Structures are given as C-alpha cells and as structure tokens.
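Novice: Pasting model04.cif here (mmCIF, C-alpha atoms):
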data_input
#
loop_
_atom_site.label_atom_id
_atom_site.label_comp_id
_atom_site.auth_asym_id
_atom_site.auth_seq_id
_atom_site.Cartn_x
_atom_site.Cartn_y
_atom_site.Cartn_z
CA MET O 1 12.97 0.71 37.17
CA THR O 2 9.65 2.12 36.09
CA ILE O 3 9.45 3.57 32.61
CA PRO O 4 6.96 6.44 32.88
CA PHE O 5 5.94 6.52 29.23
CA ASP O 6 5.87 3.16 27.49
CA PHE O 7 4.49 3.37 23.98
CA THR O 8 4.23 -0.39 23.75
CA GLU O 9 1.57 -0.39 26.40
CA LEU O 10 -0.03 2.87 25.37
CA ALA O 11 -0.42 1.99 21.70
CA GLY O 12 -3.44 -0.21 22.28
CA ALA O 13 -5.21 2.52 24.19
CA PHE O 14 -5.35 5.16 21.45
CA VAL O 15 -8.00 3.78 19.13
CA SER O 16 -9.03 0.16 18.80
CA PRO O 17 -8.26 -1.18 15.32
CA VAL O 18 -11.48 -3.15 15.51
CA ARG O 19 -13.44 0.09 15.75
CA TYR O 20 -12.59 0.91 12.14
CA GLY O 21 -12.35 -2.67 10.92
CA LEU O 22 -8.65 -2.19 10.28
CA TYR O 23 -6.00 -4.87 9.93
CA LEU O 24 -8.00 -7.78 11.25
CA SER O 25 -5.83 -10.30 9.40
CA PRO O 26 -2.75 -11.29 11.40
CA SER O 27 -0.62 -11.30 8.23
CA MET O 28 -1.46 -7.63 7.66
CA ALA O 29 -0.36 -5.29 10.36
CA LEU O 30 0.22 -1.60 10.68
CA PHE O 31 3.01 -0.41 12.93
CA ASP O 32 3.95 2.93 14.41
CA PHE O 33 7.67 3.66 14.62
CA VAL O 34 7.83 6.09 17.52
CA GLY O 35 10.97 8.14 18.15
CA SER O 36 10.79 9.55 21.67
CA ALA O 37 12.54 10.08 25.01
CA ARG O 38 12.26 6.44 26.09
CA GLY O 39 11.64 3.20 24.31
CA THR O 40 12.63 -0.35 23.51
CA TRP O 41 15.68 0.59 21.45
CA HIS O 42 18.35 3.14 22.41
CA VAL O 43 19.55 5.23 19.45
CA THR O 44 23.34 5.29 19.12
CA ARG O 45 23.65 7.16 15.82
CA GLN O 46 21.37 8.94 13.40
CA SER O 47 22.66 10.21 10.06
CA ALA O 48 21.24 11.44 6.78
CA VAL O 49 22.68 9.42 3.88
CA VAL O 50 20.73 11.08 1.04
CA GLY O 51 18.54 14.18 1.37
CA ALA O 52 17.14 15.80 4.49
CA SER O 53 17.49 14.25 7.95
CA ILE O 54 14.68 13.71 10.43
CA ALA O 55 14.17 14.98 14.00
CA LEU O 56 16.69 13.53 16.46
CA PHE O 57 15.35 11.23 19.18
CA PRO O 58 17.05 9.18 21.90
CA ALA O 59 14.93 6.03 21.74
CA LEU O 60 12.64 4.11 19.40
CA THR O 61 9.66 1.84 19.97
CA ILE O 62 7.84 -0.18 17.34
CA ALA O 63 4.22 -0.50 18.36
CA GLU O 64 1.13 -1.87 16.69
CA GLY O 65 -0.54 1.13 15.13
CA THR O 66 -3.83 2.32 13.78
CA LEU O 67 -4.50 4.79 11.03
CA THR O 68 -5.65 7.30 13.58
CA SER O 69 -3.24 7.05 16.51
CA GLN O 70 -1.10 10.14 16.90
CA PRO O 71 0.90 9.83 20.13
CA PRO O 72 3.17 12.67 21.19
CA ALA O 73 6.64 11.88 19.87
CA ASN O 74 9.77 13.47 18.45
CA TRP O 75 9.16 11.52 15.25
CA LEU O 76 6.50 9.10 14.12
CA ILE O 77 6.15 7.12 10.95
CA LYS O 78 3.72 4.39 9.96
CA GLY O 79 4.53 1.23 8.04
CA VAL O 80 2.57 -1.84 7.01
CA ARG O 81 3.74 -5.39 6.42
CA SER O 82 2.51 -6.41 3.01
CA ASN O 83 2.94 -8.91 0.20
CA MET O 84 6.16 -9.36 -1.78
CA ARG O 85 6.54 -6.93 -4.67
CA TYR O 86 9.55 -8.25 -6.63
CA THR O 87 10.58 -11.61 -5.16
CA HIS O 88 10.13 -14.63 -7.43
CA GLN O 89 9.06 -18.05 -6.19
CA ALA O 90 12.55 -19.64 -6.23
CA GLU O 91 14.00 -16.63 -4.42
CA ALA O 92 11.26 -16.71 -1.80
CA LYS O 93 11.95 -20.39 -1.10
CA ALA O 94 15.68 -19.75 -0.74
CA LEU O 95 15.02 -16.80 1.59
CA VAL O 96 12.66 -18.79 3.80
CA SER O 97 15.21 -21.61 4.14
CA GLN O 98 18.05 -19.28 5.16
CA GLN O 99 16.62 -16.27 6.96
CA ALA O 100 16.65 -15.72 10.71
CA PRO O 101 13.69 -14.48 12.76
CA LEU O 102 13.58 -11.11 14.48
CA GLY O 103 13.97 -11.00 18.25
CA ARG O 104 17.00 -13.30 18.66
CA ALA O 105 18.58 -12.82 22.08
CA ALA O 106 22.05 -12.28 20.60
CA ALA O 107 20.83 -9.73 18.06
CA THR O 108 21.09 -6.70 20.32
CA CYS O 109 22.00 -4.30 17.49
CA ALA O 110 19.50 -2.93 15.01
CA ALA O 111 19.24 -0.45 12.18
CA LEU O 112 16.19 1.41 10.92
CA ILE O 113 16.78 2.79 7.44
CA PRO O 114 13.85 4.73 5.99
CA ILE O 115 14.11 5.10 2.20
CA LYS O 116 12.28 7.19 -0.37
CA LYS O 117 12.60 6.59 -4.09
CA SER O 118 12.07 9.13 -6.87
CA ASP O 119 8.88 9.73 -8.87
CA ALA O 120 10.84 8.34 -11.86
CA TRP O 121 11.16 4.99 -10.05
CA TRP O 122 7.46 4.80 -9.29
CA ALA O 123 6.52 5.73 -12.86
CA LEU O 124 8.40 2.69 -14.19
CA ALA O 125 6.44 -0.42 -15.19
CA GLN O 126 6.64 -3.53 -13.00
CA ASP O 127 9.11 -5.37 -15.28
CA GLU O 128 11.42 -2.33 -15.44
CA ARG O 129 11.50 -2.03 -11.63
CA ARG O 130 12.07 -5.77 -11.20
CA HIS O 131 14.93 -5.67 -13.75
CA LEU O 132 16.64 -2.78 -11.97
CA PHE O 133 16.00 -4.32 -8.54
CA GLU O 134 17.34 -7.83 -9.16
CA GLU O 135 18.76 -8.57 -12.62
CA GLN O 136 20.81 -5.34 -12.54
CA SER O 137 21.30 -4.61 -8.83
CA ARG O 138 21.06 -8.12 -7.32
CA HIS O 139 19.18 -6.74 -4.30
CA ILE O 140 17.79 -10.14 -3.19
CA ALA O 141 20.97 -12.11 -3.99
CA THR O 142 23.15 -9.64 -2.08
CA GLY O 143 20.90 -9.77 0.96
CA MET O 144 21.06 -13.58 0.85
CA ASP O 145 24.85 -13.44 1.23
CA TYR O 146 24.34 -11.95 4.70
CA LEU O 147 21.83 -14.52 5.99
CA PRO O 148 21.27 -15.67 8.64
CA ALA O 149 23.53 -13.17 10.45
CA ILE O 150 21.46 -10.14 9.43
CA ALA O 151 17.72 -10.57 10.08
CA ARG O 152 15.52 -8.12 8.23
CA ARG O 153 11.94 -6.97 7.80
CA LEU O 154 10.40 -4.56 5.32
CA TYR O 155 7.52 -2.19 6.10
CA HIS O 156 5.71 -0.23 3.37
CA SER O 157 4.89 3.43 4.00
CA ARG O 158 4.31 4.99 0.57
CA ASP O 159 0.65 4.03 0.19
CA LEU O 160 0.07 5.40 3.70
CA GLY O 161 1.26 8.81 2.46
CA GLN O 162 4.26 8.90 4.78
CA GLU O 163 7.46 10.89 4.20
CA PHE O 164 9.42 7.74 3.27
CA ASP O 165 8.38 4.87 0.95
CA PHE O 166 9.87 2.02 2.99
CA LEU O 167 11.13 1.33 6.47
CA THR O 168 13.85 -1.30 6.38
CA TRP O 169 14.63 -2.90 9.73
CA PHE O 170 17.67 -5.06 10.51
CA GLU O 171 18.74 -6.99 13.63
CA PHE O 172 22.20 -8.48 14.20
CA ALA O 173 24.71 -9.35 16.91
CA PRO O 174 27.33 -6.68 17.77
CA GLU O 175 30.10 -8.77 16.15
CA HIS O 176 28.27 -8.61 12.81
CA THR O 177 28.20 -4.80 12.65
CA GLN O 178 31.03 -4.67 10.08
CA ARG O 179 29.27 -7.24 7.91
CA PHE O 180 26.11 -5.18 8.07
CA ASP O 181 28.04 -2.07 7.00
CA ASN O 182 29.44 -4.06 4.08
CA LEU O 183 25.90 -5.01 3.03
CA LEU O 184 24.90 -1.34 2.97
CA VAL O 185 27.97 -0.41 0.90
CA ALA O 186 27.05 -3.12 -1.61
CA LEU O 187 23.39 -2.02 -1.89
CA ARG O 188 24.20 1.69 -2.06
CA SER O 189 26.52 1.15 -5.05
CA THR O 190 23.77 -0.33 -7.25
CA ALA O 191 21.75 1.05 -10.16
CA GLU O 192 18.64 0.70 -7.98
CA TRP O 193 20.12 3.14 -5.47
CA THR O 194 20.39 5.92 -8.10
CA TYR O 195 16.61 6.18 -7.62
CA VAL O 196 16.91 6.77 -3.86
CA VAL O 197 16.19 10.43 -3.14
CA ARG O 198 16.12 10.22 0.65
CA GLU O 199 17.73 7.81 3.11
CA VAL O 200 18.40 8.09 6.84
CA ASP O 201 20.52 5.57 8.76
CA ILE O 202 19.49 5.05 12.40
CA ARG O 203 21.54 2.65 14.53
CA LEU O 204 20.15 1.22 17.74
CA VAL O 205 20.98 -1.02 20.69
CA LYS O 206 18.35 -2.97 22.59
CA ASN O 207 17.59 -1.68 26.06
CA GLN O 208 18.05 -4.60 28.45
CA PRO O 209 15.14 -5.41 30.76
CA GLN O 210 15.84 -3.88 34.19
CA SER O 211 14.93 -5.51 37.47
CA MET F 7 -31.65 22.87 -5.42
CA THR F 8 -29.54 22.94 -2.30
CA ILE F 9 -27.86 19.70 -1.25
CA PRO F 10 -27.81 19.82 2.55
CA PHE F 11 -24.93 17.40 3.05
CA ASP F 12 -22.28 17.48 0.35
CA PHE F 13 -19.32 15.27 1.19
CA THR F 14 -17.29 16.78 -1.65
CA GLU F 15 -17.21 20.08 0.19
CA LEU F 16 -17.04 18.63 3.65
CA ALA F 17 -14.13 16.31 2.98
CA GLY F 18 -11.55 19.08 3.11
CA ALA F 19 -12.82 20.27 6.47
CA PHE F 20 -12.20 17.14 8.50
CA VAL F 21 -8.44 17.12 8.88
CA SER F 22 -5.93 18.83 6.64
CA PRO F 23 -3.65 16.29 4.94
CA VAL F 24 -0.79 18.75 5.39
CA ARG F 25 -1.19 18.51 9.16
CA TYR F 26 0.16 14.96 9.10
CA GLY F 27 2.35 15.37 6.06
CA LEU F 28 0.18 12.99 4.13
CA TYR F 29 -0.09 12.60 0.37
CA LEU F 30 1.71 15.77 -0.62
CA SER F 31 2.64 14.34 -4.03
CA PRO F 32 -0.09 14.89 -6.62
CA SER F 33 0.54 11.42 -8.09
CA MET F 34 -0.28 9.85 -4.72
CA ALA F 35 -3.73 10.48 -3.41
CA LEU F 36 -5.99 8.95 -0.84
CA PHE F 37 -9.71 8.93 -1.53
CA ASP F 38 -12.76 8.27 0.60
CA PHE F 39 -15.61 6.43 -1.12
CA VAL F 40 -18.61 7.61 0.85
CA GLY F 41 -21.94 5.81 0.56
CA SER F 42 -24.65 8.06 1.96
CA ALA F 43 -28.07 9.65 1.47
CA ARG F 44 -26.88 12.13 -1.15
CA GLY F 45 -23.88 12.39 -3.41
CA THR F 46 -22.40 12.79 -6.85
CA TRP F 47 -23.50 9.37 -8.10
CA HIS F 48 -26.97 7.83 -7.70
CA VAL F 49 -26.87 4.09 -6.94
CA THR F 50 -29.11 2.08 -9.27
CA ARG F 51 -28.13 -1.43 -8.16
CA GLN F 52 -26.01 -3.04 -5.47
CA SER F 53 -25.35 -6.78 -5.47
CA ALA F 54 -22.98 -9.21 -3.79
CA VAL F 55 -21.18 -11.30 -6.42
CA VAL F 56 -18.95 -13.33 -4.06
CA GLY F 57 -19.18 -13.34 -0.27
CA ALA F 58 -20.97 -10.92 2.03
CA SER F 59 -22.60 -7.73 0.79
CA ILE F 60 -22.11 -4.25 2.25
CA ALA F 61 -24.56 -1.75 3.74
CA LEU F 62 -27.00 -0.38 1.18
CA PHE F 63 -26.79 3.33 0.34
CA PRO F 64 -28.63 5.51 -2.18
CA ALA F 65 -25.72 7.68 -3.34
CA LEU F 66 -21.93 7.70 -3.58
CA THR F 67 -19.34 10.46 -3.48
CA ILE F 68 -15.61 10.08 -4.09
CA ALA F 69 -13.80 12.69 -2.03
CA GLU F 70 -10.16 13.37 -1.30
CA GLY F 71 -9.51 11.65 1.99
CA THR F 72 -7.14 11.63 4.90
CA LEU F 73 -6.13 8.76 7.11
CA THR F 74 -8.17 10.24 9.94
CA SER F 75 -11.40 11.54 8.39
CA GLN F 76 -14.42 9.57 9.53
CA PRO F 77 -17.55 11.31 8.20
CA PRO F 78 -20.94 9.90 9.10
CA ALA F 79 -21.97 7.60 6.26
CA ASN F 80 -23.82 4.38 5.50
CA TRP F 81 -20.57 2.96 4.18
CA LEU F 82 -17.06 4.32 3.86
CA ILE F 83 -13.96 2.81 2.34
CA LYS F 84 -10.55 4.30 1.65
CA GLY F 85 -8.43 3.73 -1.43
CA VAL F 86 -5.12 5.09 -2.67
CA ARG F 87 -3.87 5.56 -6.21
CA SER F 88 -0.51 3.87 -6.43
CA ASN F 89 2.10 2.51 -8.80
CA MET F 90 1.49 -0.34 -11.26
CA ARG F 91 1.91 -3.79 -9.71
CA TYR F 92 1.81 -6.17 -12.73
CA THR F 93 1.79 -4.11 -15.93
CA HIS F 94 4.88 -4.43 -18.13
CA GLN F 95 6.38 -1.55 -20.09
CA ALA F 96 4.91 -2.51 -23.49
CA GLU F 97 1.48 -3.02 -21.93
CA ALA F 98 1.65 0.35 -20.16
CA LYS F 99 2.49 2.09 -23.45
CA ALA F 100 -0.43 0.39 -25.23
CA LEU F 101 -2.80 1.30 -22.38
CA VAL F 102 -1.74 4.95 -22.37
CA SER F 103 -2.27 5.21 -26.14
CA GLN F 104 -5.79 3.75 -26.01
CA GLN F 105 -7.37 4.54 -22.67
CA ALA F 106 -9.96 7.26 -22.07
CA PRO F 107 -9.92 9.72 -19.15
CA LEU F 108 -12.48 9.73 -16.35
CA GLY F 109 -15.09 12.47 -16.30
CA ARG F 110 -16.21 12.33 -19.96
CA ALA F 111 -19.56 14.10 -20.41
CA ALA F 112 -21.11 11.11 -22.20
CA ALA F 113 -19.93 8.61 -19.57
CA THR F 114 -22.88 9.02 -17.22
CA CYS F 115 -22.83 5.39 -16.06
CA ALA F 116 -20.35 4.01 -13.57
CA ALA F 117 -19.56 0.88 -11.61
CA LEU F 118 -17.71 0.54 -8.33
CA ILE F 119 -16.56 -3.04 -7.81
CA PRO F 120 -14.69 -3.64 -4.53
CA ILE F 121 -12.70 -6.88 -4.60
CA LYS F 122 -10.92 -8.93 -1.96
CA LYS F 123 -8.53 -11.75 -2.82
CA SER F 124 -7.66 -14.74 -0.65
CA ASP F 125 -4.67 -15.10 1.68
CA ALA F 126 -3.43 -17.76 -0.77
CA TRP F 127 -3.20 -15.11 -3.51
CA TRP F 128 -1.22 -12.72 -1.32
CA ALA F 129 1.14 -15.47 -0.21
CA LEU F 130 2.17 -16.11 -3.82
CA ALA F 131 5.47 -14.71 -5.09
CA GLN F 132 5.42 -11.80 -7.54
CA ASP F 133 6.11 -13.95 -10.63
CA GLU F 134 3.34 -16.40 -9.68
CA ARG F 135 0.80 -13.58 -9.29
CA ARG F 136 1.87 -11.97 -12.57
CA HIS F 137 1.60 -15.30 -14.39
CA LEU F 138 -1.94 -15.90 -13.09
CA PHE F 139 -2.94 -12.28 -13.71
CA GLU F 140 -1.80 -11.93 -17.33
CA GLU F 141 -0.21 -14.98 -18.96
CA GLN F 142 -3.07 -17.21 -17.70
CA SER F 143 -6.01 -14.84 -17.23
CA ARG F 144 -5.16 -12.06 -19.76
CA HIS F 145 -6.47 -9.40 -17.38
CA ILE F 146 -4.69 -6.51 -19.12
CA ALA F 147 -5.30 -7.78 -22.67
CA THR F 148 -9.02 -8.30 -21.99
CA GLY F 149 -9.38 -4.80 -20.52
CA MET F 150 -7.67 -3.40 -23.64
CA ASP F 151 -10.38 -4.89 -25.85
CA TYR F 152 -12.89 -2.57 -24.18
CA LEU F 153 -10.91 0.66 -24.57
CA PRO F 154 -11.67 3.48 -24.99
CA ALA F 155 -15.39 2.83 -24.34
CA ILE F 156 -14.83 1.72 -20.73
CA ALA F 157 -12.64 4.13 -18.74
CA ARG F 158 -11.22 2.67 -15.54
CA ARG F 159 -9.21 3.53 -12.45
CA LEU F 160 -7.80 1.28 -9.73
CA TYR F 161 -7.54 2.24 -6.06
CA HIS F 162 -5.61 0.12 -3.54
CA SER F 163 -7.17 -0.53 -0.13
CA ARG F 164 -5.40 -3.60 1.28
CA ASP F 165 -2.39 -1.81 2.76
CA LEU F 166 -4.82 0.63 4.38
CA GLY F 167 -6.38 -2.30 6.25
CA GLN F 168 -9.77 -1.91 4.60
CA GLU F 169 -12.38 -4.66 4.15
CA PHE F 170 -11.59 -4.98 0.41
CA ASP F 171 -8.18 -5.13 -1.31
CA PHE F 172 -9.07 -3.03 -4.36
CA LEU F 173 -11.69 -0.59 -5.51
CA THR F 174 -12.16 -0.83 -9.24
CA TRP F 175 -13.99 2.10 -10.82
CA PHE F 176 -15.41 2.22 -14.34
CA GLU F 177 -17.14 4.97 -16.36
CA PHE F 178 -19.00 4.45 -19.63
CA ALA F 179 -21.87 5.78 -21.73
CA PRO F 180 -25.31 4.14 -21.20
CA GLU F 181 -25.12 2.46 -24.66
CA HIS F 182 -21.95 0.60 -23.57
CA THR F 183 -23.56 -1.08 -20.54
CA GLN F 184 -23.84 -4.43 -22.32
CA ARG F 185 -20.19 -4.26 -23.38
CA PHE F 186 -19.22 -3.55 -19.77
CA ASP F 187 -21.23 -6.55 -18.60
CA ASN F 188 -19.40 -8.67 -21.17
CA LEU F 189 -16.06 -7.48 -19.79
CA LEU F 190 -17.09 -8.59 -16.30
CA VAL F 191 -18.19 -12.01 -17.56
CA ALA F 192 -14.80 -12.45 -19.26
CA LEU F 193 -12.81 -11.43 -16.16
CA ARG F 194 -14.92 -13.46 -13.74
CA SER F 195 -14.31 -16.66 -15.77
CA THR F 196 -10.52 -16.50 -15.35
CA ALA F 197 -8.07 -18.44 -13.16
CA GLU F 198 -7.28 -15.14 -11.39
CA TRP F 199 -10.90 -14.86 -10.25
CA THR F 200 -10.73 -18.20 -8.40
CA TYR F 201 -8.72 -16.21 -5.82
CA VAL F 202 -11.52 -13.63 -5.35
CA VAL F 203 -13.19 -14.25 -1.98
CA ARG F 204 -15.40 -11.16 -1.92
CA GLU F 205 -16.81 -8.97 -4.66
CA VAL F 206 -19.66 -6.47 -4.67
CA ASP F 207 -21.04 -4.88 -7.86
CA ILE F 208 -22.38 -1.34 -7.44
CA ARG F 209 -23.92 0.38 -10.47
CA LEU F 210 -24.34 4.14 -10.56
CA VAL F 211 -25.65 7.00 -12.67
CA LYS F 212 -24.26 10.51 -12.48
CA ASN F 213 -26.52 13.04 -10.81
CA GLN F 214 -26.96 15.90 -13.25
CA PRO F 215 -26.18 19.41 -11.94
CA GLN F 216 -29.44 21.14 -11.00
CA SER F 217 -30.15 24.81 -11.55
#
Show the structure stored in the file as structure tokens.
Specialist:
Amino acid sequence: MTIPFDFTELAGAFVSPVRYGLYLSPSMALFDFVGSARGTWHVTRQSAVVGASIALFPALTIAEGTLTSQPPANWLIKGVRSNMRYTHQAEAKALVSQQAPLGRAAATCAALIPIKKSDAWWALAQDERRHLFEEQSRHIATGMDYLPAIARRLYHSRDLGQEFDFLTWFEFAPEHTQRFDNLLVALRSTAEWTYVVREVDIRLVKNQPQS
Amino acid sequence: MTIPFDFTELAGAFVSPVRYGLYLSPSMALFDFVGSARGTWHVTRQSAVVGASIALFPALTIAEGTLTSQPPANWLIKGVRSNMRYTHQAEAKALVSQQAPLGRAAATCAALIPIKKSDAWWALAQDERRHLFEEQSRHIATGMDYLPAIARRLYHSRDLGQEFDFLTWFEFAPEHTQRFDNLLVALRSTAEWTYVVREVDIRLVKNQPQS
C-alpha cells in the first residue's frame, strides 16, 4: 500500500537544519509531533484529563523537526530532547540499568501525554521543584517500579514557546496496558500533579508495515 | 538622525508570534540578538575567550523574536528567558532583594558573553551540575558580591539548537568596568569553567538617543 502523505519522509524536505546551524549535536534533537490523517501511529483514544483538549486527529508521526518547518496538519507540537532537570546521579544510574529502549517489536501500544504546569510551578526555585517532584511525589521512584515494561522518553516544549511544557511518550506491549494505567493513577495523585494545569491523554497503536 | 534599518521596529513585522501560538506568557519570551551595521548598542570590543570567535559586527540590538524570524544580519542568535535551573529558594530571595533592574540610565556599558559547555557537562546528573556550579564554584555567591552594581540577565539557547548554550547579559556604569572584569576573572577560574568549550566576550556602549 502506498501512503500518499508520509511526514517521516517529508520532514527532511522542509528546511535543512544545517541551514540555520540548528541541532547539529546528535544528543540534541528537535522533533515535530504531527497529528494528521495518516502516520506511523494510529490514534485509538484522545481525552482531555485537565483543561482544554486539542484538535482530534486519526494518526500521529514523530519526525525530526526544525524551528521553521510548518507542515499542514491537524495538530503540530515541537519538543526537544534535553538534559536531565531533576534526576540525581544515583537515580540516573538505576534508570539506565533498568530502562528499556523505544522501538521494541512487542511494544505496539503507545501514549503521548502532553503536560503543562502552572506559572506557580515555574516560579519555584530549583530545590523546591526537586523536593515536590521526588522527595514528596516520588516521580522517579514510581516510574522505576514500571521498568522495563513501560519504556518512556521526555521531550521539552516550554522553552520552544509551545502550548504544553512537556511531551511524555510511553511504549508498552498490549498486555501491559493496565499496568500503564496504574502508573498514571499513581502519578496523578501526587503533590506534583496539583501544579498540572493542562493534560491530554492520547493512546496509540503502531501501524504495521504493509506489503 | 534617521536610522535606516532599525531591527527593534522590524522585529515585530517578520512573523507574528500569535500566528504560531508562541510565547504568549509574558514571563516566557524569545529574543533575537542581532549583530548588524546599526543598533541599540555600539560594539567596542569583541574577543574569543575559549574556542572559535563569531562574525564581527559594529552594533547589537536585542529584539523580541519568533522561532521563524530570520532578518539579514552579520550574526544572529536566539535566546529564551526561562525558569531557574540551579538557584535554591534562599539564594533566589537574596538575589531578588539585592539585584538591580536592566535599563538603568547610568548603566551605559554592557557585555554579551555567549557560552557553550561541553557534552560532559550536559551528561551530568542534576545534583552533580548543581554541586559544581555552586558548592564548588560559588557561581551564585560570587555574582552576589557584585550586586547591585552589575545587573545581569540569562537567556537560554541550547534547547533552541543555537551555537551557544547561554547568552549572559550584563549592564553597568562605566566606573564599574574594572569590577565587572574582576567578576569575570573570578568565574573563569572555577571548576565550573573547565566545562566551558566556547566563550566570546562582547563589550558594548549604549547609543544615546539623537535629536
């Protein structure tokens, strides 16, 4: 089957990142999350958890982005992989030893959960945010309980001026869907989550390659 | 006198931030640092401290930016005001009580010092970076010693994929130039600075309004 509009292929054609000297380091990368008619991931459910929803779209593609690309889409948001903001050294070591990579063949389910926190959160000092995040809410420790079943990746959007602060991305096998839901219940009951002013929960299933 | 090419006025004309839903919060703002033939600040000296230099330019203007504006310029870099990354609550309170605002009439001297840190720095966990930054290098405490004479503002560029990670901006009266140089000597001698792989020191004087 031919897919007439494949953002994965198109993304490179918009504007070369090299042209603006953007994101030349492989550890730094900007991505476009493109909600459109066709794409790599089929959307099975889209629901607003806190605050306003976003435009509905049937499929999602994550493509390498540039600051200037603006493809036609139902919804588009930009996120950048960046350095750790709260994780301490011992936690990082534990995470690395236990976490699973993205793209596992069995992990055909995914969730994209864009999150925006309040101005009050961002006005807090670094130690206050860390205390709320881990010592009070056990964000890292809770996530660890679900490794390696639930693979995750965080993209930052706030400094790019996007409508959400973070894009959290999760991949898991269909049989781990209930465990993933339990993880969300645990995180959403924390003190940290009282600072969340907008959250949308998008569930997806990988489109199988067609011959 | 008529200035034929004023980036301050032009900046708003490129692309409306509202068009892409960018930076609608007043506490979040993207800025273009435009090095060109004319501008708000006259460049008196430009020197590479660590690593490669940048294009020379006679004047600098700081204008509200968008992710897509690309005005003609000798040099252009984007930076965003963002949340604190290392400052603890007690330090933030002390800073607020002692720091001076930008734009003071007497502060006709300025410095723009773009800085890039190594991949090794960015691979460190949050507690390791904080320890190097303050407990070892006393970055915040040293800066406090020079308040309120030296007003400062930090812009973040790394997550925007720019060629430097930070743009540090300082304003001071001409009689405090030696004190400012002392501040730089103190910071550049720290353990934190061993992670700096590129640094350019640009000194400027405010162009007086002409009638």
Novice: Give me the result of the PyMOL selection byres ((chain F) within 7 of (chain O)) on this file, residue by residue, as a VMD selection string.
Specialist: chain F and resid 27 to 29 73 to 74 86 88 to 95 98 128 to 129 131 to 134 165 to 168
Novice: Check the smallest atom-to-atom distance from each of O:Val43, O:Ala110, O:Glu171, O:Leu187 to Ile140 in chain O using only C-alpha atoms, then report the winner.
Specialist: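 So, comparing all the options, the nearest one is O:Leu187.
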Novice: Care to translate the PyMOL selection byres ((chain F and resi 106) around 6) into actual residues of this file, as number ranges by chain?
Specialist: F: 105, 107, 154, 157
Novice: For Arg44 in chain F, which residue among F:Tyr152, F:Leu62, F:Arg204, F:Thr67 is the nearest when counting all atoms listed in the file?
Specialist: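 Looking only at the distances to Arg44 in chain F, the closest residue turns out to be F:Thr67.
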Novice: I need the residue set behind the PyMOL selection byres ((chain F and resi 156) around 12) for this file; please write it as a PyMOL selection string.
Specialist: chain F and resi 104-110+112-117+148-155+157-159+175-190
Novice: Around range 110-114 of chain F, fit a box with edges along x, y and z, padding it by 4 Å on each side, then list its centre and edge lengths in Å to one decimal as AutoDock Vina command-line options.
Specialist:
--center_x -19.5 --center_y 11.4 --center_z -19.7 --size_x 14.7 --size_y 13.5 --size_z 13.0
Novice: Neighbours of range 72-74 of chain O within 9 Å (all atoms listed in the file; same-chain residues fewer than 6 positions away dropped), as a PDB file with C-alpha atoms, in the coordinates of the input?
Specialist:
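And here's out_13.pdb as it stands now:
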ATOM      1  CA  VAL O  34       7.830   6.090  17.520  1.00  0.00           C
ATOM      2  CA  GLY O  35      10.970   8.140  18.150  1.00  0.00           C
ATOM      3  CA  SER O  36      10.790   9.550  21.670  1.00  0.00           C
ATOM      4  CA  ALA O  37      12.540  10.080  25.010  1.00  0.00           C
ATOM      5  CA  ALA O  55      14.170  14.980  14.000  1.00  0.00           C
ATOM      6  CA  LEU O  56      16.690  13.530  16.460  1.00  0.00           C
ATOM      7  CA  PHE O  57      15.350  11.230  19.180  1.00  0.00           C
TER       8      PHE O  57
END
Novice: By how many Å are CA of Gly71 in chain F and CA of Ser53 in chain F apart?
Specialist: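 The value is 25.4 Å.
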